[in-house]
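For reference, entry-v3.tsv (TSV, C-alpha atoms and all ligand atoms):
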chain	number	residue	atom	x	y	z
L	26	MET	CA	-136.92	-108.33	-256.83
L	27	LEU	CA	-134.14	-109.89	-254.87
L	28	LEU	CA	-135.24	-111.52	-251.62
L	29	VAL	CA	-132.94	-112.73	-248.87
L	30	ILE	CA	-134.77	-115.31	-246.79
L	31	LYS	CA	-133.58	-116.74	-243.49
L	32	MET	CA	-135.11	-120.06	-242.48
L	33	GLY	CA	-134.98	-120.48	-238.75
L	34	GLY	CA	-133.69	-123.76	-237.39
L	35	SER	CA	-136.97	-123.83	-235.47
L	36	ILE	CA	-138.87	-124.71	-238.69
L	37	LEU	CA	-136.33	-127.10	-240.21
L	38	LYS	CA	-137.21	-130.56	-238.95
L	39	GLU	CA	-136.36	-132.50	-242.07
L	40	GLY	CA	-134.79	-129.78	-244.17
L	41	ALA	CA	-137.68	-127.67	-245.39
L	42	SER	CA	-141.37	-128.59	-245.68
L	43	ALA	CA	-142.79	-129.43	-249.11
L	44	ASP	CA	-145.29	-126.59	-248.69
L	45	LEU	CA	-142.59	-124.00	-248.06
L	46	VAL	CA	-140.53	-125.28	-250.99
L	47	SER	CA	-143.44	-125.16	-253.45
L	48	ASP	CA	-144.10	-121.58	-252.37
L	49	LEU	CA	-140.41	-120.79	-252.98
L	50	LYS	CA	-140.71	-122.35	-256.43
L	51	GLU	CA	-143.64	-120.13	-257.32
L	52	ILE	CA	-141.85	-117.00	-256.08
L	53	LEU	CA	-138.82	-117.92	-258.19
L	54	ASN	CA	-140.88	-117.43	-261.36
L	55	GLN	CA	-140.70	-113.70	-260.69
L	56	HIS	CA	-137.95	-113.07	-258.17
L	57	LYS	CA	-134.44	-114.10	-257.19
L	58	ILE	CA	-133.74	-115.65	-253.81
L	59	VAL	CA	-130.77	-116.16	-251.50
L	60	LEU	CA	-131.44	-118.42	-248.51
L	61	VAL	CA	-129.67	-118.43	-245.16
L	62	HIS	CA	-130.48	-121.08	-242.55
L	63	GLY	CA	-130.30	-121.53	-238.80
L	64	GLY	CA	-130.15	-124.75	-236.79
L	65	GLY	CA	-128.76	-124.06	-233.34
L	66	VAL	CA	-131.04	-126.51	-231.53
L	67	GLU	CA	-129.93	-129.43	-233.69
L	68	VAL	CA	-126.26	-128.51	-233.15
L	69	THR	CA	-126.90	-128.64	-229.41
L	70	GLU	CA	-128.65	-132.04	-229.66
L	71	ILE	CA	-125.92	-133.66	-231.76
L	72	ALA	CA	-123.13	-132.15	-229.66
L	73	SER	CA	-124.78	-133.70	-226.63
L	74	LYS	CA	-124.91	-137.12	-228.34
L	75	LEU	CA	-121.19	-136.74	-229.01
L	76	GLY	CA	-120.64	-136.10	-225.31
L	77	LYS	CA	-119.98	-132.40	-225.77
L	78	GLU	CA	-122.58	-130.55	-223.71
L	79	GLN	CA	-123.00	-127.01	-225.04
L	80	LYS	CA	-122.54	-123.95	-222.89
L	81	PHE	CA	-124.39	-120.70	-223.47
L	82	ILE	CA	-123.39	-117.28	-222.31
L	83	MET	CA	-125.39	-114.12	-221.77
L	84	SER	CA	-123.95	-110.80	-222.94
L	85	PRO	CA	-124.48	-107.60	-220.90
L	86	ASP	CA	-127.07	-106.43	-223.47
L	87	GLY	CA	-129.04	-109.64	-223.09
L	88	PHE	CA	-127.96	-111.73	-226.07
L	89	ARG	CA	-127.60	-115.46	-225.47
L	90	SER	CA	-124.88	-117.15	-227.49
L	91	ARG	CA	-123.20	-120.51	-227.77
L	92	TYR	CA	-119.75	-120.71	-226.22
L	93	THR	CA	-117.81	-121.90	-229.27
L	94	ASP	CA	-114.51	-123.61	-228.46
L	95	LYS	CA	-112.44	-125.62	-230.98
L	96	GLU	CA	-114.48	-128.85	-230.63
L	97	THR	CA	-117.74	-126.91	-230.78
L	98	ILE	CA	-116.87	-125.09	-234.02
L	99	GLU	CA	-116.05	-128.49	-235.55
L	100	ILE	CA	-119.41	-129.93	-234.51
L	101	TYR	CA	-121.17	-126.70	-235.54
L	102	THR	CA	-119.58	-126.92	-239.02
L	103	MET	CA	-120.49	-130.62	-239.38
L	104	VAL	CA	-124.12	-130.15	-238.44
L	105	MET	CA	-124.80	-126.78	-240.05
L	106	ALA	CA	-122.77	-126.93	-243.29
L	107	GLY	CA	-123.18	-130.73	-243.52
L	108	LYS	CA	-126.44	-132.19	-242.29
L	109	ILE	CA	-128.78	-129.19	-242.25
L	110	ASN	CA	-127.48	-127.41	-245.35
L	111	LYS	CA	-127.62	-130.59	-247.43
L	112	GLN	CA	-131.13	-131.49	-246.22
L	113	ILE	CA	-132.35	-128.13	-247.52
L	114	VAL	CA	-130.46	-128.58	-250.80
L	115	LEU	CA	-132.21	-131.93	-251.27
L	116	ALA	CA	-135.64	-130.57	-250.34
L	117	LEU	CA	-135.35	-127.85	-253.01
L	118	GLN	CA	-133.80	-130.06	-255.63
L	119	ARG	CA	-136.59	-132.63	-255.10
L	120	GLN	CA	-139.01	-130.00	-256.44
L	121	GLY	CA	-136.76	-129.09	-259.36
L	122	ILE	CA	-135.14	-125.96	-257.93
L	123	PRO	CA	-131.45	-125.69	-258.89
L	124	THR	CA	-129.66	-125.16	-255.59
L	125	VAL	CA	-126.11	-124.71	-254.37
L	126	GLY	CA	-125.33	-125.09	-250.68
L	127	LEU	CA	-122.33	-123.18	-249.38
L	128	SER	CA	-120.96	-121.65	-246.22
L	129	GLY	CA	-119.26	-118.31	-245.73
L	130	LEU	CA	-115.95	-120.18	-246.03
L	131	ASP	CA	-116.61	-120.97	-249.70
L	132	ALA	CA	-115.07	-118.36	-252.00
L	133	MET	CA	-114.52	-116.42	-248.75
L	134	THR	CA	-118.09	-115.22	-249.04
L	135	LEU	CA	-118.30	-114.12	-245.39
L	136	LYS	CA	-115.20	-112.57	-243.81
L	137	ALA	CA	-115.27	-111.95	-240.08
L	138	GLU	CA	-113.17	-110.63	-237.28
L	139	ARG	CA	-112.65	-113.07	-234.45
L	140	LYS	CA	-113.98	-111.83	-231.12
L	141	THR	CA	-110.94	-112.12	-228.89
L	142	ARG	CA	-112.84	-111.49	-225.68
L	143	LEU	CA	-116.45	-111.68	-224.60
L	144	ILE	CA	-118.15	-110.35	-221.52
L	145	ALA	CA	-120.39	-112.97	-219.94
L	146	VAL	CA	-122.94	-112.17	-217.26
L	147	ASP	CA	-123.81	-114.96	-214.79
L	148	GLU	CA	-127.17	-115.61	-213.06
L	149	ARG	CA	-126.26	-113.21	-210.27
L	150	GLY	CA	-125.43	-110.42	-212.73
L	151	ARG	CA	-121.67	-110.67	-212.22
L	152	LYS	CA	-119.59	-109.88	-215.31
L	153	LYS	CA	-116.66	-111.98	-216.39
L	154	VAL	CA	-114.28	-111.55	-219.33
L	155	ILE	CA	-113.81	-114.80	-221.21
L	156	ASP	CA	-111.99	-115.91	-224.36
L	157	GLY	CA	-114.08	-115.21	-227.48
L	158	GLY	CA	-113.50	-118.70	-228.88
L	159	TYR	CA	-114.52	-119.25	-232.48
L	160	THR	CA	-117.14	-116.55	-232.76
L	161	GLY	CA	-116.96	-113.57	-235.04
L	162	LYS	CA	-118.41	-110.37	-236.37
L	163	ILE	CA	-118.87	-110.20	-240.14
L	164	THR	CA	-116.73	-107.46	-241.65
L	165	GLN	CA	-117.19	-108.12	-245.35
L	166	VAL	CA	-119.40	-110.03	-247.77
L	167	ASN	CA	-117.80	-111.12	-251.02
L	168	THR	CA	-120.84	-110.97	-253.24
L	169	GLU	CA	-119.12	-112.38	-256.34
L	170	LEU	CA	-120.06	-116.06	-255.94
L	171	LEU	CA	-123.61	-115.29	-254.74
L	172	THR	CA	-124.18	-112.93	-257.67
L	173	MET	CA	-122.79	-115.47	-260.12
L	174	LEU	CA	-125.17	-118.12	-258.78
L	175	ILE	CA	-128.33	-116.02	-258.72
L	176	THR	CA	-127.74	-114.54	-262.17
L	177	ASN	CA	-127.42	-118.09	-263.50
L	178	GLY	CA	-130.68	-119.25	-261.92
L	179	TYR	CA	-129.36	-121.05	-258.84
L	180	VAL	CA	-130.64	-120.57	-255.33
L	181	PRO	CA	-127.68	-120.28	-252.95
L	182	ILE	CA	-128.23	-121.68	-249.45
L	183	VAL	CA	-125.79	-120.09	-247.07
L	184	THR	CA	-124.67	-121.58	-243.74
L	185	PRO	CA	-123.73	-118.84	-241.25
L	186	ILE	CA	-120.06	-119.71	-240.79
L	187	ALA	CA	-117.50	-117.02	-241.62
L	188	ILE	CA	-113.77	-117.10	-242.29
L	189	SER	CA	-111.35	-115.33	-239.95
L	190	GLN	CA	-108.21	-113.34	-240.79
L	191	ASP	CA	-106.30	-116.55	-239.92
L	192	TYR	CA	-108.45	-118.76	-242.16
L	193	GLU	CA	-110.38	-120.35	-239.34
L	194	PRO	CA	-114.12	-120.98	-239.26
L	195	LEU	CA	-116.16	-118.68	-237.02
L	196	ASN	CA	-119.69	-119.08	-235.71
L	197	VAL	CA	-121.78	-116.06	-236.75
L	198	ASP	CA	-125.44	-115.38	-236.03
L	199	GLY	CA	-127.87	-116.51	-238.75
L	200	ASP	CA	-130.30	-113.58	-238.57
L	201	ARG	CA	-127.43	-111.07	-238.65
L	202	THR	CA	-125.80	-112.95	-241.53
L	203	ALA	CA	-129.00	-112.75	-243.57
L	204	ALA	CA	-129.30	-109.02	-242.83
L	205	ILE	CA	-125.71	-108.30	-243.83
L	206	ILE	CA	-126.01	-110.36	-247.02
L	207	ALA	CA	-129.25	-108.52	-247.86
L	208	GLY	CA	-127.46	-105.19	-247.41
L	209	ALA	CA	-124.42	-106.24	-249.44
L	210	LEU	CA	-126.52	-107.57	-252.33
L	211	LYS	CA	-128.83	-104.52	-252.18
L	212	ALA	CA	-131.75	-106.88	-251.76
L	213	ASP	CA	-135.27	-105.47	-251.83
L	214	LYS	CA	-136.56	-107.45	-248.87
L	215	LEU	CA	-135.29	-109.48	-245.95
L	216	ILE	CA	-137.67	-112.23	-244.87
L	217	LEU	CA	-137.16	-113.97	-241.53
L	218	LEU	CA	-139.09	-117.25	-241.30
L	219	THR	CA	-139.50	-118.53	-237.77
L	220	ASP	CA	-141.83	-120.58	-235.54
L	221	VAL	CA	-144.14	-117.76	-234.41
L	222	GLU	CA	-146.64	-115.63	-236.33
L	223	GLY	CA	-144.44	-112.56	-236.26
L	224	LEU	CA	-143.35	-109.96	-233.74
L	225	MET	CA	-145.68	-110.34	-230.76
L	226	LEU	CA	-146.45	-107.44	-228.42
L	227	LYS	CA	-149.04	-107.72	-225.64
L	228	GLY	CA	-149.99	-111.15	-226.96
L	229	GLN	CA	-150.81	-109.90	-230.46
L	230	CYS	CA	-148.96	-110.12	-233.73
L	231	VAL	CA	-147.95	-106.62	-234.87
L	232	PRO	CA	-148.84	-106.27	-238.57
L	233	LYS	CA	-146.67	-103.23	-239.27
L	234	ILE	CA	-144.12	-101.24	-237.31
L	235	ALA	CA	-141.59	-98.54	-238.18
L	236	ALA	CA	-137.92	-98.75	-237.19
L	237	THR	CA	-138.26	-95.82	-234.78
L	238	GLU	CA	-141.25	-97.42	-233.01
L	239	VAL	CA	-139.65	-100.85	-232.72
L	240	LYS	CA	-136.55	-99.32	-231.10
L	241	GLU	CA	-138.80	-97.99	-228.33
L	242	VAL	CA	-140.20	-101.43	-227.48
L	243	LEU	CA	-136.97	-103.42	-227.82
L	244	ASN	CA	-136.81	-104.05	-224.06
L	245	LYS	CA	-140.21	-105.80	-224.26
L	246	ILE	CA	-139.01	-108.28	-226.90
L	247	GLY	CA	-137.48	-111.57	-225.76
L	248	GLY	CA	-134.56	-113.75	-226.86
L	249	GLY	CA	-134.83	-115.12	-230.40
L	250	MET	CA	-137.06	-112.30	-231.63
L	251	SER	CA	-134.89	-109.44	-230.39
L	252	THR	CA	-132.00	-110.82	-232.47
L	253	LYS	CA	-134.31	-110.65	-235.49
L	254	VAL	CA	-135.37	-107.09	-234.76
L	255	HIS	CA	-131.74	-105.98	-234.38
L	256	ALA	CA	-130.86	-107.78	-237.62
L	257	GLY	CA	-133.86	-106.17	-239.30
L	258	LEU	CA	-132.80	-102.70	-238.23
L	259	GLU	CA	-129.32	-103.38	-239.56
L	260	ALA	CA	-130.76	-104.42	-242.95
L	261	LEU	CA	-132.96	-101.29	-243.15
L	262	ASN	CA	-129.90	-99.18	-242.36
L	263	GLN	CA	-128.12	-100.82	-245.27
L	264	GLY	CA	-130.90	-99.80	-247.66
L	265	VAL	CA	-133.14	-102.88	-247.62
L	266	LYS	CA	-136.67	-101.54	-248.07
L	267	GLU	CA	-138.67	-103.92	-245.94
L	268	VAL	CA	-138.06	-106.55	-243.29
L	269	LEU	CA	-140.73	-109.23	-242.96
L	270	VAL	CA	-141.02	-111.62	-240.03
L	271	THR	CA	-143.43	-114.54	-240.25
L	272	SER	CA	-144.08	-118.18	-239.48
L	273	GLY	CA	-142.36	-120.59	-241.87
L	274	THR	CA	-144.93	-123.29	-241.12
L	275	ALA	CA	-147.98	-121.35	-242.32
L	276	LYS	CA	-149.57	-121.99	-245.73
L	277	LYS	CA	-147.63	-120.25	-248.55
L	278	PRO	CA	-145.59	-118.36	-245.97
L	279	ILE	CA	-143.54	-116.27	-248.39
L	280	SER	CA	-146.32	-115.25	-250.80
L	281	SER	CA	-148.61	-114.23	-247.98
L	282	VAL	CA	-146.03	-112.20	-246.07
L	283	LEU	CA	-145.01	-110.46	-249.31
L	284	ASN	CA	-148.65	-109.41	-249.69
L	285	HIS	CA	-148.72	-108.26	-246.06
L	286	GLN	CA	-151.48	-110.78	-245.29
L	287	THR	CA	-149.53	-112.39	-242.45
L	288	GLY	CA	-146.60	-111.66	-240.18
L	289	THR	CA	-144.91	-108.38	-239.30
L	290	VAL	CA	-143.54	-105.73	-241.65
L	291	ILE	CA	-140.75	-103.52	-240.31
L	292	THR	CA	-140.18	-100.43	-242.41
L	293	SER	CA	-137.58	-97.69	-242.19
L	294	GLU	CA	-140.10	-94.92	-241.49
G	1	LIG	N1	-142.02	-110.47	-228.63
G	1	LIG	C1	-141.81	-111.65	-229.24
G	1	LIG	N2	-142.49	-111.95	-230.36
G	1	LIG	C2	-142.29	-113.12	-230.99
G	1	LIG	N3	-141.42	-114.08	-230.57
G	1	LIG	C3	-140.72	-113.84	-229.45
G	1	LIG	C4	-140.88	-112.62	-228.74
G	1	LIG	N4	-140.05	-112.65	-227.68
G	1	LIG	C5	-139.41	-113.83	-227.72
G	1	LIG	N5	-139.78	-114.56	-228.79
G	1	LIG	C6	-139.27	-115.89	-229.12
G	1	LIG	O1	-138.46	-115.85	-230.28
G	1	LIG	C7	-138.53	-117.15	-230.89
G	1	LIG	C8	-138.00	-117.15	-232.31
G	1	LIG	O2	-136.58	-117.11	-232.33
G	1	LIG	P1	-135.69	-118.44	-232.32
G	1	LIG	O3	-134.27	-118.00	-232.27
G	1	LIG	O4	-136.15	-119.37	-231.27
G	1	LIG	O5	-136.05	-119.14	-233.71
G	1	LIG	P2	-135.32	-119.04	-235.14
G	1	LIG	O6	-134.44	-117.85	-235.18
G	1	LIG	O7	-136.40	-119.13	-236.13
G	1	LIG	O8	-134.44	-120.36	-235.18
G	1	LIG	P3	-132.81	-120.44	-235.16
G	1	LIG	O9	-132.34	-119.49	-234.08
G	1	LIG	O10	-132.52	-121.86	-234.88
G	1	LIG	O11	-132.37	-120.05	-236.52
G	1	LIG	C9	-139.99	-117.51	-230.75
G	1	LIG	O12	-140.22	-118.89	-230.81
G	1	LIG	C10	-140.36	-116.90	-229.40
G	1	LIG	O13	-140.34	-117.88	-228.40
G	2	MG	MG	-132.81	-117.57	-233.71

When written as structure tokens, how does the structure in this file appear?
Amino acid sequence: MLLVIKMGGSILKEGASADLVSDLKEILNQHKIVLVHGGGVEVTEIASKLGKEQKFIMSPDGFRSRYTDKETIEIYTMVMAGKINKQIVLALQRQGIPTVGLSGLDAMTLKAERKTRLIAVDERGRKKVIDGGYTGKITQVNTELLTMLITNGYVPIVTPIAISQDYEPLNVDGDRTAAIIAGALKADKLILLTDVEGLMLKGQCVPKIAATEVKEVLNKIGGGMSTKVHAGLEALNQGVKEVLVTSGTAKKPISSVLNHQTGTVITSE
């Protein structure tokens, strides 16, 4: 099987835990893996140390996103494609897993359209049109480099930065990136590793839910998780068979979610 796994920034303190990496290593005996990582919180912390306080905007449909101006995309690229990506590369290589870290800029793996305008809603619900900055919507995945790497036994680790029509870097969402890559590579499963057990509803982790059911409860799902559910639905639409959401800090997180012992499974029907 081909698995696309997104590691949330929320579980990446020092790259990736030894436990998670040894589980990855075991899975690699049977399956191929493409990793995508997050890291928004660390970008915000380092930007602040550099004297560049980050601004966040809320879209009319309730998505919170970083306002990415020129300085911010530079810091974002430094922290995400530099510090965080390389920490994960080292954590995998330390356990003997051949790994290549890359961003969507490399080999133009992720092409995106720059968002020229964004609608931001303030605390009082007033809407304002603002410049889109360096944020984008992925329009195409060039699968060539990723395929070349996985067929030769490497684990690619992708930073969610895409290339614009004008060859500029664009900030793209990590969960969405993983979903789109999973669709483009015709992956069997999309696994979203985060800092909670899975999708929580009424205080309980939902073991299994169908796409149609999850759409009905979307308004009850908060911030970070609703992005995952939307990304999951997108992957299912693209032919991915199962979307799994689970905690990346649990014991053998990938093996146990693959066996449906932990986390949440979202299926197309
Ligand atoms: N219904 C819900 N079930 C589970 N988590 C929820 C729910 N509603 C909101 N959340 C929040 O979503 C968070 C997970 O998303 P978050 O974006 O914070 O992490 P991540 O995606 O793993 O990391 P990153 O965004 O840095 O890659 C949880 O920590 C939780 O607080
Ligand atoms: Mg997130």

Quick one: residues within 7 Å of stretch 201-209 of chain L, all atoms listed in the file counted, chain neighbours fewer than 3 positions away excluded, as a PDB file with C-alpha atoms, in the coordinates of the input?
ATOM      1  CA  VAL L  29    -132.940-112.730-248.870  1.00  0.00           C
ATOM      2  CA  LYS L  31    -133.580-116.740-243.490  1.00  0.00           C
ATOM      3  CA  VAL L  61    -129.670-118.430-245.160  1.00  0.00           C
ATOM      4  CA  VAL L 166    -119.400-110.030-247.770  1.00  0.00           C
ATOM      5  CA  PRO L 185    -123.730-118.840-241.250  1.00  0.00           C
ATOM      6  CA  VAL L 197    -121.780-116.060-236.750  1.00  0.00           C
ATOM      7  CA  ASP L 198    -125.440-115.380-236.030  1.00  0.00           C
ATOM      8  CA  ALA L 212    -131.750-106.880-251.760  1.00  0.00           C
ATOM      9  CA  LEU L 215    -135.290-109.480-245.950  1.00  0.00           C
ATOM     10  CA  ALA L 256    -130.860-107.780-237.620  1.00  0.00           C
ATOM     11  CA  GLY L 257    -133.860-106.170-239.300  1.00  0.00           C
ATOM     12  CA  GLU L 259    -129.320-103.380-239.560  1.00  0.00           C
ATOM     13  CA  ALA L 260    -130.760-104.420-242.950  1.00  0.00           C
ATOM     14  CA  GLN L 263    -128.120-100.820-245.270  1.00  0.00           C
ATOM     15  CA  GLY L 264    -130.900 -99.800-247.660  1.00  0.00           C
ATOM     16  CA  VAL L 265    -133.140-102.880-247.620  1.00  0.00           C
TER      17      VAL L 265
END

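Using only C-alpha atoms and all ligand atoms, residues with at least one atom at most 10 Å away from any atom of ligand MG 2 (chain G) are Lys31, Met32, Gly33, Gly34, Ser35, His62, Gly63, Gly64, Gly65, Val66, Arg89, Asp198, Gly199, Asp200, Arg201, Leu217, Leu218, Thr219, Asp220, Gly248, Gly249, Met250, Ser251, Thr252 and Lys253 of chain L.
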
Could you save the residues just selected, with C-alpha atoms, as a compact mmCIF listing (two decimals), keeping the file's coordinate frame?
# COMPACT_ATOMS: atom_id res chain seq x y z
CA LYS L 31 -133.58 -116.74 -243.49
CA MET L 32 -135.11 -120.06 -242.48
CA GLY L 33 -134.98 -120.48 -238.75
CA GLY L 34 -133.69 -123.76 -237.39
CA SER L 35 -136.97 -123.83 -235.47
CA HIS L 62 -130.48 -121.08 -242.55
CA GLY L 63 -130.30 -121.53 -238.80
CA GLY L 64 -130.15 -124.75 -236.79
CA GLY L 65 -128.76 -124.06 -233.34
CA VAL L 66 -131.04 -126.51 -231.53
CA ARG L 89 -127.60 -115.46 -225.47
CA ASP L 198 -125.44 -115.38 -236.03
CA GLY L 199 -127.87 -116.51 -238.75
CA ASP L 200 -130.30 -113.58 -238.57
CA ARG L 201 -127.43 -111.07 -238.65
CA LEU L 217 -137.16 -113.97 -241.53
CA LEU L 218 -139.09 -117.25 -241.30
CA THR L 219 -139.50 -118.53 -237.77
CA ASP L 220 -141.83 -120.58 -235.54
CA GLY L 248 -134.56 -113.75 -226.86
CA GLY L 249 -134.83 -115.12 -230.40
CA MET L 250 -137.06 -112.30 -231.63
CA SER L 251 -134.89 -109.44 -230.39
CA THR L 252 -132.00 -110.82 -232.47
CA LYS L 253 -134.31 -110.65 -235.49

Considering all atoms listed in the file, return as a ChimeraX atom specification whatever protein or nucleic-acid residues lie within 12 Å of L:Pro194, sequence-local ones (same chain, fewer than 2 positions apart) excluded.
/L:93-103,106,128-131,133,135-139,158-163,184-192,196-197

Would you export the selected residues with C-alpha atoms as a PDB file, in the coordinates of the input, please?
ATOM      1  CA  THR L  93    -117.810-121.900-229.270  1.00  0.00           C
ATOM      2  CA  ASP L  94    -114.510-123.610-228.460  1.00  0.00           C
ATOM      3  CA  LYS L  95    -112.440-125.620-230.980  1.00  0.00           C
ATOM      4  CA  GLU L  96    -114.480-128.850-230.630  1.00  0.00           C
ATOM      5  CA  THR L  97    -117.740-126.910-230.780  1.00  0.00           C
ATOM      6  CA  ILE L  98    -116.870-125.090-234.020  1.00  0.00           C
ATOM      7  CA  GLU L  99    -116.050-128.490-235.550  1.00  0.00           C
ATOM      8  CA  ILE L 100    -119.410-129.930-234.510  1.00  0.00           C
ATOM      9  CA  TYR L 101    -121.170-126.700-235.540  1.00  0.00           C
ATOM     10  CA  THR L 102    -119.580-126.920-239.020  1.00  0.00           C
ATOM     11  CA  MET L 103    -120.490-130.620-239.380  1.00  0.00           C
ATOM     12  CA  ALA L 106    -122.770-126.930-243.290  1.00  0.00           C
ATOM     13  CA  SER L 128    -120.960-121.650-246.220  1.00  0.00           C
ATOM     14  CA  GLY L 129    -119.260-118.310-245.730  1.00  0.00           C
ATOM     15  CA  LEU L 130    -115.950-120.180-246.030  1.00  0.00           C
ATOM     16  CA  ASP L 131    -116.610-120.970-249.700  1.00  0.00           C
ATOM     17  CA  MET L 133    -114.520-116.420-248.750  1.00  0.00           C
ATOM     18  CA  LEU L 135    -118.300-114.120-245.390  1.00  0.00           C
ATOM     19  CA  LYS L 136    -115.200-112.570-243.810  1.00  0.00           C
ATOM     20  CA  ALA L 137    -115.270-111.950-240.080  1.00  0.00           C
ATOM     21  CA  GLU L 138    -113.170-110.630-237.280  1.00  0.00           C
ATOM     22  CA  ARG L 139    -112.650-113.070-234.450  1.00  0.00           C
ATOM     23  CA  GLY L 158    -113.500-118.700-228.880  1.00  0.00           C
ATOM     24  CA  TYR L 159    -114.520-119.250-232.480  1.00  0.00           C
ATOM     25  CA  THR L 160    -117.140-116.550-232.760  1.00  0.00           C
ATOM     26  CA  GLY L 161    -116.960-113.570-235.040  1.00  0.00           C
ATOM     27  CA  LYS L 162    -118.410-110.370-236.370  1.00  0.00           C
ATOM     28  CA  ILE L 163    -118.870-110.200-240.140  1.00  0.00           C
ATOM     29  CA  THR L 184    -124.670-121.580-243.740  1.00  0.00           C
ATOM     30  CA  PRO L 185    -123.730-118.840-241.250  1.00  0.00           C
ATOM     31  CA  ILE L 186    -120.060-119.710-240.790  1.00  0.00           C
ATOM     32  CA  ALA L 187    -117.500-117.020-241.620  1.00  0.00           C
ATOM     33  CA  ILE L 188    -113.770-117.100-242.290  1.00  0.00           C
ATOM     34  CA  SER L 189    -111.350-115.330-239.950  1.00  0.00           C
ATOM     35  CA  GLN L 190    -108.210-113.340-240.790  1.00  0.00           C
ATOM     36  CA  ASP L 191    -106.300-116.550-239.920  1.00  0.00           C
ATOM     37  CA  TYR L 192    -108.450-118.760-242.160  1.00  0.00           C
ATOM     38  CA  ASN L 196    -119.690-119.080-235.710  1.00  0.00           C
ATOM     39  CA  VAL L 197    -121.780-116.060-236.750  1.00  0.00           C
TER      40      VAL L 197
END

When you count only C-alpha atoms and all ligand atoms, which of these residues is closest to ligand LIG 1 (chain G): L:Ser90, L:Gln120, L:Gln112, L:Asn177?
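Residue with the minimum atom-to-atom distance to ligand LIG 1 (chain G): L:Ser90.
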
Just to confirm, what's the straight-line distance from atom CA of L:Met105 to atom O2 of ligand LIG 1 (chain G) in Å (one decimal)?
17.1 Å

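Residues in contact range of L:Val268, defined as at most 7 Å between all atoms listed in the file, with sequence neighbours fewer than 2 positions away removed, read Lys214, Leu215, Ile216, Gly257, Val270, Val290, Ile291 and Thr292 of chain L.
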
Quick one: everything within 9 Å of L:Thr289, counting all atoms listed in the file, minus sequence neighbours fewer than 3 positions away in the same chain. Send it as a PDB file with C-alpha atoms, in the frame of the given file.
ATOM      1  CA  GLU L 222    -146.640-115.630-236.330  1.00  0.00           C
ATOM      2  CA  GLY L 223    -144.440-112.560-236.260  1.00  0.00           C
ATOM      3  CA  LEU L 224    -143.350-109.960-233.740  1.00  0.00           C
ATOM      4  CA  MET L 225    -145.680-110.340-230.760  1.00  0.00           C
ATOM      5  CA  CYS L 230    -148.960-110.120-233.730  1.00  0.00           C
ATOM      6  CA  VAL L 231    -147.950-106.620-234.870  1.00  0.00           C
ATOM      7  CA  PRO L 232    -148.840-106.270-238.570  1.00  0.00           C
ATOM      8  CA  LYS L 233    -146.670-103.230-239.270  1.00  0.00           C
ATOM      9  CA  ILE L 234    -144.120-101.240-237.310  1.00  0.00           C
ATOM     10  CA  VAL L 268    -138.060-106.550-243.290  1.00  0.00           C
ATOM     11  CA  LEU L 269    -140.730-109.230-242.960  1.00  0.00           C
ATOM     12  CA  VAL L 270    -141.020-111.620-240.030  1.00  0.00           C
ATOM     13  CA  THR L 271    -143.430-114.540-240.250  1.00  0.00           C
ATOM     14  CA  VAL L 282    -146.030-112.200-246.070  1.00  0.00           C
ATOM     15  CA  HIS L 285    -148.720-108.260-246.060  1.00  0.00           C
TER      16      HIS L 285
END

Considering only C-alpha atoms, can you say which of L:Arg119, L:Ser84, L:Thr69, L:Ile36 comes closest to L:Val221?
L:Ile36

For each of L:Asp86, L:Glu67, L:Glu78, L:Glu51, take the minimum atom-to-atom distance to L:Asn244, counting all atoms listed in the file, then give the residue where this is smallest.
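That would be L:Asp86, the residue with the smallest distance to L:Asn244.
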
Find the residues with any atom within 12 Å of (-144.2, -122.9, -255.6); use only C-alpha atoms and the coordinates as given in the file, and write the answer as a PDB file with C-alpha atoms, in the frame of the given file.
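Here's the written file part13.pdb:
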ATOM      1  CA  SER L  42    -141.370-128.590-245.680  1.00  0.00           C
ATOM      2  CA  ALA L  43    -142.790-129.430-249.110  1.00  0.00           C
ATOM      3  CA  ASP L  44    -145.290-126.590-248.690  1.00  0.00           C
ATOM      4  CA  LEU L  45    -142.590-124.000-248.060  1.00  0.00           C
ATOM      5  CA  VAL L  46    -140.530-125.280-250.990  1.00  0.00           C
ATOM      6  CA  SER L  47    -143.440-125.160-253.450  1.00  0.00           C
ATOM      7  CA  ASP L  48    -144.100-121.580-252.370  1.00  0.00           C
ATOM      8  CA  LEU L  49    -140.410-120.790-252.980  1.00  0.00           C
ATOM      9  CA  LYS L  50    -140.710-122.350-256.430  1.00  0.00           C
ATOM     10  CA  GLU L  51    -143.640-120.130-257.320  1.00  0.00           C
ATOM     11  CA  ILE L  52    -141.850-117.000-256.080  1.00  0.00           C
ATOM     12  CA  LEU L  53    -138.820-117.920-258.190  1.00  0.00           C
ATOM     13  CA  ASN L  54    -140.880-117.430-261.360  1.00  0.00           C
ATOM     14  CA  GLN L  55    -140.700-113.700-260.690  1.00  0.00           C
ATOM     15  CA  HIS L  56    -137.950-113.070-258.170  1.00  0.00           C
ATOM     16  CA  LEU L 117    -135.350-127.850-253.010  1.00  0.00           C
ATOM     17  CA  GLN L 120    -139.010-130.000-256.440  1.00  0.00           C
ATOM     18  CA  GLY L 121    -136.760-129.090-259.360  1.00  0.00           C
ATOM     19  CA  ILE L 122    -135.140-125.960-257.930  1.00  0.00           C
ATOM     20  CA  LYS L 276    -149.570-121.990-245.730  1.00  0.00           C
ATOM     21  CA  LYS L 277    -147.630-120.250-248.550  1.00  0.00           C
ATOM     22  CA  PRO L 278    -145.590-118.360-245.970  1.00  0.00           C
ATOM     23  CA  ILE L 279    -143.540-116.270-248.390  1.00  0.00           C
ATOM     24  CA  SER L 280    -146.320-115.250-250.800  1.00  0.00           C
TER      25      SER L 280
END
